[in-house]
Each structure stands twice: as structure tokens, then as C-alpha cells.
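Here is run23.pdb, consisting of PDB, C-alpha atoms:
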ATOM      1  CA  MET I 602      19.354  -2.279  23.229
ATOM      2  CA  ARG I 603      16.333  -4.532  22.905
ATOM      3  CA  ALA I 604      18.420  -7.700  22.841
ATOM      4  CA  ALA I 605      20.021  -6.847  26.163
ATOM      5  CA  VAL I 606      16.620  -6.200  27.693
ATOM      6  CA  ARG I 607      15.227  -9.495  26.466
ATOM      7  CA  THR I 608      17.904 -11.600  28.084
ATOM      8  CA  GLY I 609      17.716  -9.756  31.385
ATOM      9  CA  TRP I 610      14.210 -10.762  32.286
ATOM     10  CA  ARG I 611      14.609 -13.202  35.117
ATOM     11  CA  ILE I 612      16.128 -10.621  37.421
ATOM     12  CA  GLY I 613      12.935  -9.366  38.985
ATOM     13  CA  ALA I 614      10.070  -7.062  38.114
ATOM     14  CA  ALA I 615      11.366  -3.743  39.460
ATOM     15  CA  ALA I 616      14.802  -4.041  37.892
ATOM     16  CA  ALA I 617      13.263  -5.309  34.685
ATOM     17  CA  ALA I 618      10.910  -2.337  34.573
ATOM     18  CA  ALA I 619      13.819   0.054  34.974
ATOM     19  CA  LEU I 620      15.738  -1.658  32.208
ATOM     20  CA  ARG I 621      12.775  -1.722  29.938
ATOM     21  CA  GLY I 622      11.795   1.843  30.406
ATOM     22  CA  ARG I 623      15.196   3.465  30.669
ATOM     23  CA  ALA I 624      17.494   1.121  28.873
ATOM     24  CA  GLY I 625      20.948   1.438  30.375
ATOM     25  CA  ARG I 626      20.179   4.055  33.017
ATOM     26  CA  PRO I 627      20.649   3.139  36.669
ATOM     27  CA  LEU I 628      17.639   2.178  38.778
ATOM     28  CA  SER I 629      17.907   5.181  41.096
ATOM     29  CA  GLN I 630      17.689   7.634  38.223
ATOM     30  CA  ALA I 631      14.677   5.876  36.737
ATOM     31  CA  ALA I 632      12.795   5.903  40.033
ATOM     32  CA  GLY I 633      13.503   9.594  40.504
ATOM     33  CA  GLU I 634      11.984  10.560  37.163
ATOM     34  CA  GLY I 635       8.726   8.760  37.604
ATOM     35  CA  GLY I 636       7.894  10.376  40.894
ATOM     36  CA  SER I 637       5.538   7.842  42.374
ATOM     37  CA  ALA I 638       4.885   4.180  42.913
ATOM     38  CA  GLU I 639       7.960   2.065  42.684
ATOM     39  CA  GLY I 640       9.533   3.224  45.915
ATOM     40  CA  GLY I 641      10.092   0.546  48.534
ATOM     41  CA  GLY I 642      11.806  -2.023  46.381
ATOM     42  CA  GLY I 643       8.934  -2.585  44.023
ATOM     43  CA  GLY I 644       6.914  -4.631  46.490
ATOM     44  CA  GLY I 645       3.510  -3.045  46.105
ATOM     45  CA  GLY I 646       3.942  -1.510  42.674
ATOM     46  CA  GLY I 647       5.816  -3.626  40.252
ATOM     47  CA  SER I 648       5.965  -3.407  36.494
ATOM     48  CA  GLY I 649       2.231  -3.888  36.104
ATOM     49  CA  SER I 650       1.137  -1.105  38.407
ATOM     50  CA  ARG I 651      -0.863   1.778  37.057
ATOM     51  CA  GLU I 652       1.998   4.167  37.666
ATOM     52  CA  ALA I 653       4.532   1.964  35.955
ATOM     53  CA  VAL I 654       2.284   1.522  32.937
ATOM     54  CA  GLU I 655       1.499   5.226  32.830
ATOM     55  CA  ARG I 656       5.202   5.946  32.697
ATOM     56  CA  LEU I 657       5.638   3.553  29.802
ATOM     57  CA  VAL I 658       2.800   4.900  27.700
ATOM     58  CA  ARG I 659       4.093   8.436  28.067
ATOM     59  CA  GLU I 660       7.666   7.524  27.257
ATOM     60  CA  HIS I 661       7.371   8.229  23.569
ATOM     61  CA  PRO I 662       4.734   9.470  21.094
ATOM     62  CA  VAL I 663       4.335   5.937  19.787
ATOM     63  CA  VAL I 664       4.293   3.058  22.260
ATOM     64  CA  VAL I 665       3.308  -0.504  21.476
ATOM     65  CA  PHE I 666       2.712  -3.412  23.841
ATOM     66  CA  MET I 667       3.130  -6.585  21.875
ATOM     67  CA  LYS I 668       4.155 -10.214  21.878
ATOM     68  CA  GLY I 669       7.740 -10.494  20.820
ATOM     69  CA  SER I 670       9.682  -7.555  19.437
ATOM     70  CA  PRO I 671       9.554  -5.479  16.255
ATOM     71  CA  ALA I 672      12.494  -7.481  14.975
ATOM     72  CA  GLN I 673      10.777 -10.718  15.876
ATOM     73  CA  PRO I 674       7.055 -10.540  16.540
ATOM     74  CA  LEU I 675       5.652 -13.708  18.104
ATOM     75  CA  CYS I 676       2.029 -13.325  17.127
ATOM     76  CA  GLY I 677       0.251 -12.507  13.880
ATOM     77  CA  PHE I 678      -1.568  -9.510  15.327
ATOM     78  CA  SER I 679       1.547  -8.029  16.861
ATOM     79  CA  ASN I 680       3.307  -8.535  13.580
ATOM     80  CA  ALA I 681       0.541  -6.679  11.781
ATOM     81  CA  VAL I 682       1.025  -3.644  14.033
ATOM     82  CA  VAL I 683       4.759  -3.639  13.363
ATOM     83  CA  GLN I 684       4.194  -3.914   9.623
ATOM     84  CA  ILE I 685       1.653  -1.104   9.541
ATOM     85  CA  LEU I 686       3.970   1.206  11.445
ATOM     86  CA  ARG I 687       6.777   0.248   9.116
ATOM     87  CA  LEU I 688       4.637   1.085   6.079
ATOM     88  CA  HIS I 689       4.212   4.574   7.459
ATOM     89  CA  GLY I 690       7.942   4.847   8.013
ATOM     90  CA  VAL I 691       7.575   4.779  11.798
ATOM     91  CA  GLU I 692      10.625   2.855  12.967
ATOM     92  CA  ASP I 693      11.402   4.888  16.056
ATOM     93  CA  TYR I 694       8.935   3.831  18.745
ATOM     94  CA  ARG I 695       8.865   2.017  22.053
ATOM     95  CA  ALA I 696       7.852  -1.618  21.935
ATOM     96  CA  HIS I 697       7.317  -3.703  25.066
ATOM     97  CA  ASP I 698       7.243  -7.479  24.923
ATOM     98  CA  VAL I 699       4.532  -8.589  27.346
ATOM     99  CA  LEU I 700       5.589 -12.207  27.046
ATOM    100  CA  GLN I 701       8.681 -11.277  29.007
ATOM    101  CA  ASP I 702       6.748  -9.832  31.912
ATOM    102  CA  PRO I 703       3.475 -11.325  33.180
ATOM    103  CA  ASP I 704       2.915  -8.379  35.515
ATOM    104  CA  LEU I 705       3.108  -5.954  32.633
ATOM    105  CA  ARG I 706       0.950  -8.187  30.508
ATOM    106  CA  GLN I 707      -1.854  -8.003  33.053
ATOM    107  CA  GLY I 708      -1.115  -4.423  34.040
ATOM    108  CA  ILE I 709      -1.491  -3.049  30.542
ATOM    109  CA  LYS I 710      -4.842  -4.789  30.155
ATOM    110  CA  ASP I 711      -6.057  -3.332  33.442
ATOM    111  CA  TYR I 712      -4.775   0.108  32.526
ATOM    112  CA  SER I 713      -6.582   0.332  29.209
ATOM    113  CA  ASN I 714      -9.459  -1.910  30.251
ATOM    114  CA  TRP I 715      -8.779  -3.775  27.057
ATOM    115  CA  PRO I 716      -8.424  -7.528  27.033
ATOM    116  CA  THR I 717      -5.918  -8.219  24.312
ATOM    117  CA  ILE I 718      -2.414  -7.589  23.051
ATOM    118  CA  PRO I 719      -1.161  -5.820  20.964
ATOM    119  CA  GLN I 720      -2.064  -2.384  22.266
ATOM    120  CA  VAL I 721      -1.067   0.816  20.554
ATOM    121  CA  TYR I 722      -0.678   4.134  22.351
ATOM    122  CA  LEU I 723      -0.262   7.421  20.537
ATOM    123  CA  ASN I 724       0.810  10.342  22.688
ATOM    124  CA  GLY I 725       0.032   8.395  25.823
ATOM    125  CA  GLU I 726      -3.491   7.622  24.713
ATOM    126  CA  PHE I 727      -4.788   4.148  23.999
ATOM    127  CA  VAL I 728      -5.786   3.889  20.362
ATOM    128  CA  GLY I 729      -6.675   0.245  20.038
ATOM    129  CA  GLY I 730      -5.354  -3.064  18.888
ATOM    130  CA  CYS I 731      -4.338  -4.429  15.554
ATOM    131  CA  ASP I 732      -7.720  -4.279  13.852
ATOM    132  CA  ILE I 733      -8.329  -0.669  14.846
ATOM    133  CA  LEU I 734      -4.857   0.286  13.671
ATOM    134  CA  LEU I 735      -5.533  -1.472  10.400
ATOM    135  CA  GLN I 736      -8.799   0.389   9.960
ATOM    136  CA  MET I 737      -7.071   3.674  10.735
ATOM    137  CA  HIS I 738      -4.415   2.809   8.185
ATOM    138  CA  GLN I 739      -7.006   2.009   5.544
ATOM    139  CA  ASN I 740      -9.164   5.067   6.079
ATOM    140  CA  GLY I 741      -6.348   7.593   6.354
ATOM    141  CA  ASP I 742      -6.809   8.311  10.055
ATOM    142  CA  LEU I 743      -3.390   6.971  10.947
ATOM    143  CA  VAL I 744      -1.643   9.465   8.676
ATOM    144  CA  GLU I 745      -3.591  12.233  10.432
ATOM    145  CA  GLU I 746      -2.848  10.993  13.920
ATOM    146  CA  LEU I 747       0.840  10.672  13.148
ATOM    147  CA  LYS I 748       0.816  14.186  11.751
ATOM    148  CA  LYS I 749      -0.553  15.451  15.083
ATOM    149  CA  LEU I 750       2.461  13.886  16.733
ATOM    150  CA  GLY I 751       4.774  15.613  14.327
ATOM    151  CA  ILE I 752       5.454  12.403  12.454
ATOM    152  CA  ARG I 753       5.213  12.550   8.730
ATOM    153  CA  SER I 754       3.953   9.298   7.340
ATOM    154  CA  ALA I 755       6.150   7.756   4.659
ATOM    155  CA  LEU I 756       3.010   7.077   2.680
ATOM    156  CA  LEU I 757       2.613  10.795   2.042
ATOM    157  CA  ASP I 758       6.003  10.862   0.419
ATOM    158  CA  ALA I 759       5.185   7.746  -1.533
ATOM    159  CA  GLU I 760       2.098   9.454  -2.904
ATOM    160  CA  LYS I 761       4.117  12.540  -3.769
ATOM    161  CA  ASP I 762       6.604  10.456  -5.714
ATOM    162  CA  GLN I 763       3.753   8.912  -7.613
ATOM    163  CA  GLU I 764       2.381  12.312  -8.538
ATOM    164  CA  LYS I 765       5.738  13.468  -9.803
ATOM    165  CA  LYS I 766       5.888  10.593 -12.262
TER     166      LYS I 766
ATOM    167  CA  MET V1209     -10.327 -23.160  30.233
ATOM    168  CA  ALA V1210     -11.532 -24.084  26.802
ATOM    169  CA  PRO V1211     -12.317 -21.169  24.514
ATOM    170  CA  PRO V1212     -15.968 -20.551  23.667
ATOM    171  CA  THR V1213     -17.417 -21.705  20.368
ATOM    172  CA  ALA V1214     -18.226 -19.318  17.557
ATOM    173  CA  GLU V1215     -21.887 -20.169  18.034
ATOM    174  CA  GLU V1216     -21.837 -19.222  21.723
ATOM    175  CA  LEU V1217     -20.303 -15.865  20.900
ATOM    176  CA  ARG V1218     -22.718 -15.247  18.071
ATOM    177  CA  GLU V1219     -25.706 -15.818  20.312
ATOM    178  CA  ARG V1220     -24.415 -13.689  23.091
ATOM    179  CA  LEU V1221     -23.598 -10.775  20.819
ATOM    180  CA  ARG V1222     -26.929 -10.977  19.043
ATOM    181  CA  GLU V1223     -28.756 -10.953  22.324
ATOM    182  CA  ARG V1224     -26.764  -8.377  24.244
ATOM    183  CA  LEU V1225     -26.299  -5.898  21.428
ATOM    184  CA  GLN V1226     -29.661  -6.484  19.798
ATOM    185  CA  ALA V1227     -27.619  -6.974  16.705
ATOM    186  CA  GLU V1228     -29.199  -7.056  13.294
ATOM    187  CA  HIS V1229     -26.401  -9.148  11.993
ATOM    188  CA  VAL V1230     -23.577 -11.071  13.623
ATOM    189  CA  GLU V1231     -20.840 -13.132  12.088
ATOM    190  CA  VAL V1232     -18.266 -14.915  14.188
ATOM    191  CA  GLN V1233     -15.383 -16.735  12.681
ATOM    192  CA  ASP V1234     -12.789 -18.579  14.643
ATOM    193  CA  ASN V1235      -9.210 -18.438  13.499
ATOM    194  CA  PRO V1236      -7.566 -21.568  14.862
ATOM    195  CA  GLN V1237      -4.701 -21.338  12.444
ATOM    196  CA  LEU V1238      -3.713 -17.862  13.530
ATOM    197  CA  CYS V1239      -3.914 -18.529  17.270
ATOM    198  CA  PRO V1240      -6.239 -20.982  19.062
ATOM    199  CA  GLY V1241      -9.112 -19.171  20.757
ATOM    200  CA  SER V1242      -8.878 -16.251  18.363
ATOM    201  CA  PHE V1243     -11.989 -14.915  16.703
ATOM    202  CA  ARG V1244     -13.055 -12.449  14.110
ATOM    203  CA  VAL V1245     -16.461 -10.871  14.684
ATOM    204  CA  PHE V1246     -18.612  -8.690  12.531
ATOM    205  CA  VAL V1247     -21.519  -7.003  14.269
ATOM    206  CA  VAL V1248     -24.222  -4.722  12.937
ATOM    207  CA  SER V1249     -26.157  -2.961  15.647
ATOM    208  CA  GLY V1250     -28.013   0.260  16.199
ATOM    209  CA  LYS V1251     -26.212   0.543  19.530
ATOM    210  CA  PHE V1252     -23.130   1.633  17.643
ATOM    211  CA  ARG V1253     -24.693   4.811  16.338
ATOM    212  CA  GLY V1254     -22.687   7.839  17.309
ATOM    213  CA  LEU V1255     -19.844   5.809  18.776
ATOM    214  CA  LYS V1256     -16.275   5.912  17.605
ATOM    215  CA  THR V1257     -14.571   2.658  16.696
ATOM    216  CA  LEU V1258     -12.840   2.189  20.017
ATOM    217  CA  GLN V1259     -16.088   2.773  21.903
ATOM    218  CA  ARG V1260     -17.884   0.273  19.698
ATOM    219  CA  HIS V1261     -15.223  -2.303  20.346
ATOM    220  CA  ARG V1262     -15.502  -1.718  24.065
ATOM    221  CA  LEU V1263     -19.242  -2.265  23.821
ATOM    222  CA  VAL V1264     -18.636  -5.590  22.127
ATOM    223  CA  ASN V1265     -16.094  -6.507  24.801
ATOM    224  CA  GLU V1266     -18.675  -5.723  27.479
ATOM    225  CA  ALA V1267     -21.298  -7.763  25.681
ATOM    226  CA  LEU V1268     -18.976 -10.734  25.619
ATOM    227  CA  GLY V1269     -18.639 -10.498  29.374
ATOM    228  CA  GLU V1270     -16.932 -13.422  30.998
ATOM    229  CA  GLU V1271     -16.484 -15.156  27.643
ATOM    230  CA  LEU V1272     -13.781 -12.608  27.000
ATOM    231  CA  GLY V1273     -11.626 -14.294  29.614
ATOM    232  CA  ARG V1274     -11.612 -17.429  27.478
ATOM    233  CA  ILE V1275     -10.783 -15.661  24.256
ATOM    234  CA  HIS V1276      -7.199 -15.337  23.237
ATOM    235  CA  ALA V1277      -7.581 -12.765  20.498
ATOM    236  CA  LEU V1278     -10.395 -10.799  18.973
ATOM    237  CA  GLU V1279     -10.700  -8.868  15.745
ATOM    238  CA  GLN V1280     -13.776  -6.746  15.311
ATOM    239  CA  LYS V1281     -15.637  -5.030  12.593
ATOM    240  CA  THR V1282     -18.568  -2.965  13.807
ATOM    241  CA  LEU V1283     -21.167  -1.149  11.752
ATOM    242  CA  THR V1284     -24.444   0.600  12.355
ATOM    243  CA  PRO V1285     -27.415  -0.689  10.334
ATOM    244  CA  GLU V1286     -27.130   2.392   8.110
ATOM    245  CA  GLN V1287     -23.437   1.829   7.440
ATOM    246  CA  TRP V1288     -24.067  -1.799   6.638
ATOM    247  CA  GLU V1289     -26.805  -0.993   4.231
ATOM    248  CA  GLU V1290     -24.570   1.523   2.529
ATOM    249  CA  GLN V1291     -21.808  -1.014   2.229
ATOM    250  CA  GLN V1292     -24.079  -3.570   0.694
ATOM    251  CA  ARG V1293     -25.402  -1.200  -1.904
ATOM    252  CA  PRO V1294     -23.395  -1.598  -5.128
ATOM    253  CA  SER V1295     -21.375   1.554  -5.708
ATOM    254  CA  LEU V1296     -22.567   3.865  -8.436
ATOM    255  CA  ALA V1297     -19.189   4.437 -10.032
TER     256      ALA V1297
END
Go through the file and emit its structure as C-alpha cells.
Amino acid sequence: MRAAVRTGWRIGAAAAAALRGRAGRPLSQAAGEGGSAEGGGGGGGGSGSREAVERLVREHPVVVFMKGSPAQPLCGFSNAVVQILRLHGVEDYRAHDVLQDPDLRQGIKDYSNWPTIPQVYLNGEFVGGCDILLQMHQNGDLVEELKKLGIRSALLDAEKDQEKK
Amino acid sequence: MAPPTAEELRERLRERLQAEHVEVQDNPQLCPGSFRVFVVSGKFRGLKTLQRHRLVNEALGEELGRIHALEQKTLTPEQWEEQQRPSLA
């Protein structure tokens, strides 16, 4: 799914946004779900608009805006986010490659009023970048936050296995 | 636009946050224009991590536009003191 999205980038912001957010579904269906903004051929809105970004952050309990993809991160900080999520057994999440879309890259920074990438959203709420995620991982907060989303961190099971031994 | 120097950032943070302690390290090998900052300031009292980081971002002002990446560690003076105290195991 992600590979197809990556190669489709040059086709224009609106179409790209539809592909990114609703991989495989037709543009008309995607526009209908969102409700607002991208009507009118994506002239005013575009993939970086507040509405478009809002839609993306609410798409899934765990959404990450990064450089590159989980399979191939293109920046050390983005890679760190992927690795931390992986440690907790979180493999099912939405990742958006901002390098593929300059409008989104700026839009996500405007939305969160946060200057850098990667950006991690849990349940539609901006949590922070790589260093905050790392701190949350180290102090146990991440396990708690994932629990609130109904995601059981793999680290809990790892601890349990240890206790059994 | 050239990125700012570590010294420029250090000064600005010290001044704007009335910081007790500021360390700024640039990370050219990770990404050019990327910095790691450590700030101790009473202004962080009562603020959650994200809020503290936003305060630092604000303090950096227009310098932030020249920074590619930023890692932060933020402590209140009390937290810093506690961290420096050797642990009584």
C-alpha cells in the first residue's frame, strides 16, 4: 500500500491527499467522508490545509508524520520514532512521509504549531516529536498512553515473560 | 539561510528563559542545523514536557526558522538539583 502511494506523488496535491489518506478508495468517496474543505478541486484547501491535516490525525489512534516511511526512514529522528513504536509492538499505525508533499510538510507544522518533523499524534492529539516520545518511553508514560488507546504495549508482555522465568 | 551557532542559541535561551543552566550541542553528523539543548529554568515549573518545549521554541523565536532539528531536555531548578544529587541506593 505504502509503495504505491510513494510512487504516485507527482499527480497533484488533492489526488495525493486522497491516496494517502484513503489508500485505494476513489476520490469522491474520500471527499464525502471528510465533510469540509477539499471541495472545488483542491484549489484553496490542498493537502496542507487545516481540514486535511485534521482528517489525517484522526484517521487512526496512532499517526506519525515523518521523513521517509517506517520501512525506510530518511532521518535519524524519524527512525527513532519508528523504532520506539516497534519496541512497544505498535506496527499498525498511519505514517505520512512529509518529504513527498511540501504542502503537508508545512501544513502539519502549522496545525500543531510545532516546527519539526517527526510529529506523533495519539488519538488525534499532538504528543510531540522524537525526544518527547523517547522520554515517554523511558518513563513509562508511553505504555500508559497506549493502554488508553486500547493498545497493549509489547513491553508489558516482555516483562511478564521475564517474571515467569 | 545558514543555521545559527550553538553559542547564539545558548545566549538567547539563557536570556529569554532566565535559565540557570543552558547547554547547546550541535549535531552536524546527524543532520546539519540540528541541535540538542538542555535548559534549566524556573519558568518550567508546573509545565508538562510539551508545554516546556513550546516555551523553548518561543524563546528561540526566528532562530527556529534556521534550525533543522531540535532535541530538548528541560528541567526545573529543583529537578536538576535532584538529578545531580548522587542517589542514595
Interface list for chain V, partner chain I, 9 Å threshold, all atoms listed in the file, as a short mmCIF file (atom, residue, chain, number, x, y, z; two decimals) with C-alpha atoms, in the coordinates of the input:
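That gives us iface-v9.cif:
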data_model
loop_
_atom_site.label_atom_id
_atom_site.label_comp_id
_atom_site.auth_asym_id
_atom_site.auth_seq_id
_atom_site.Cartn_x
_atom_site.Cartn_y
_atom_site.Cartn_z
CA LEU V 1238 -3.71 -17.86 13.53
CA CYS V 1239 -3.91 -18.53 17.27
CA THR V 1257 -14.57 2.66 16.70
CA LEU V 1258 -12.84 2.19 20.02
CA HIS V 1261 -15.22 -2.30 20.35
CA ARG V 1262 -15.50 -1.72 24.06
CA ASN V 1265 -16.09 -6.51 24.80
CA LEU V 1272 -13.78 -12.61 27.00
CA GLY V 1273 -11.63 -14.29 29.61
CA ILE V 1275 -10.78 -15.66 24.26
CA HIS V 1276 -7.20 -15.34 23.24
CA ALA V 1277 -7.58 -12.76 20.50
CA LEU V 1278 -10.40 -10.80 18.97
CA GLU V 1279 -10.70 -8.87 15.74
CA GLN V 1280 -13.78 -6.75 15.31
CA LYS V 1281 -15.64 -5.03 12.59
#
Exercise for the section: Write out as a list in words each polymer residue whose atoms come within 10 Å of V:Thr1213, counting all atoms listed in the file; drop sequence neighbours fewer than 2 positions from it. Expected result: Ala1210, Pro1211, Glu1215, Glu1216, Leu1217, Arg1218, Val1232, Gln1233, Asp1234, Gly1241, Phe1243, Glu1271 and Ile1275 of chain V
Exercise for the section: List, as a list of chain:residue names, every residue that the PyMOL selection byres ((chain V and resi 1249-1255) around 10) selects in the file provided. Expected result: V:Leu1221, V:Arg1222, V:Leu1225, V:Gln1226, V:Ala1227, V:Glu1228, V:His1229, V:Val1230, V:Phe1246, V:Val1247, V:Val1248, V:Lys1256, V:Thr1257, V:Leu1258, V:Gln1259, V:Arg1260, V:His1261, V:Leu1263, V:Val1264, V:Thr1282, V:Leu1283, V:Thr1284, V:Pro1285, V:Glu1286, V:Gln1287, V:Trp1288
Exercise for the section: Write out as number ranges by chain each polymer residue whose atoms come within 8 Å of stretch 690-699 of chain I, counting only C-alpha atoms; drop sequence neighbours fewer than 6 positions from it. Expected result: I: 621, 660-671, 705-706, 752, 754-756
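One finds atom CA of V:Ala1267 at 5.7 Å from atom CA of V:Arg1224.
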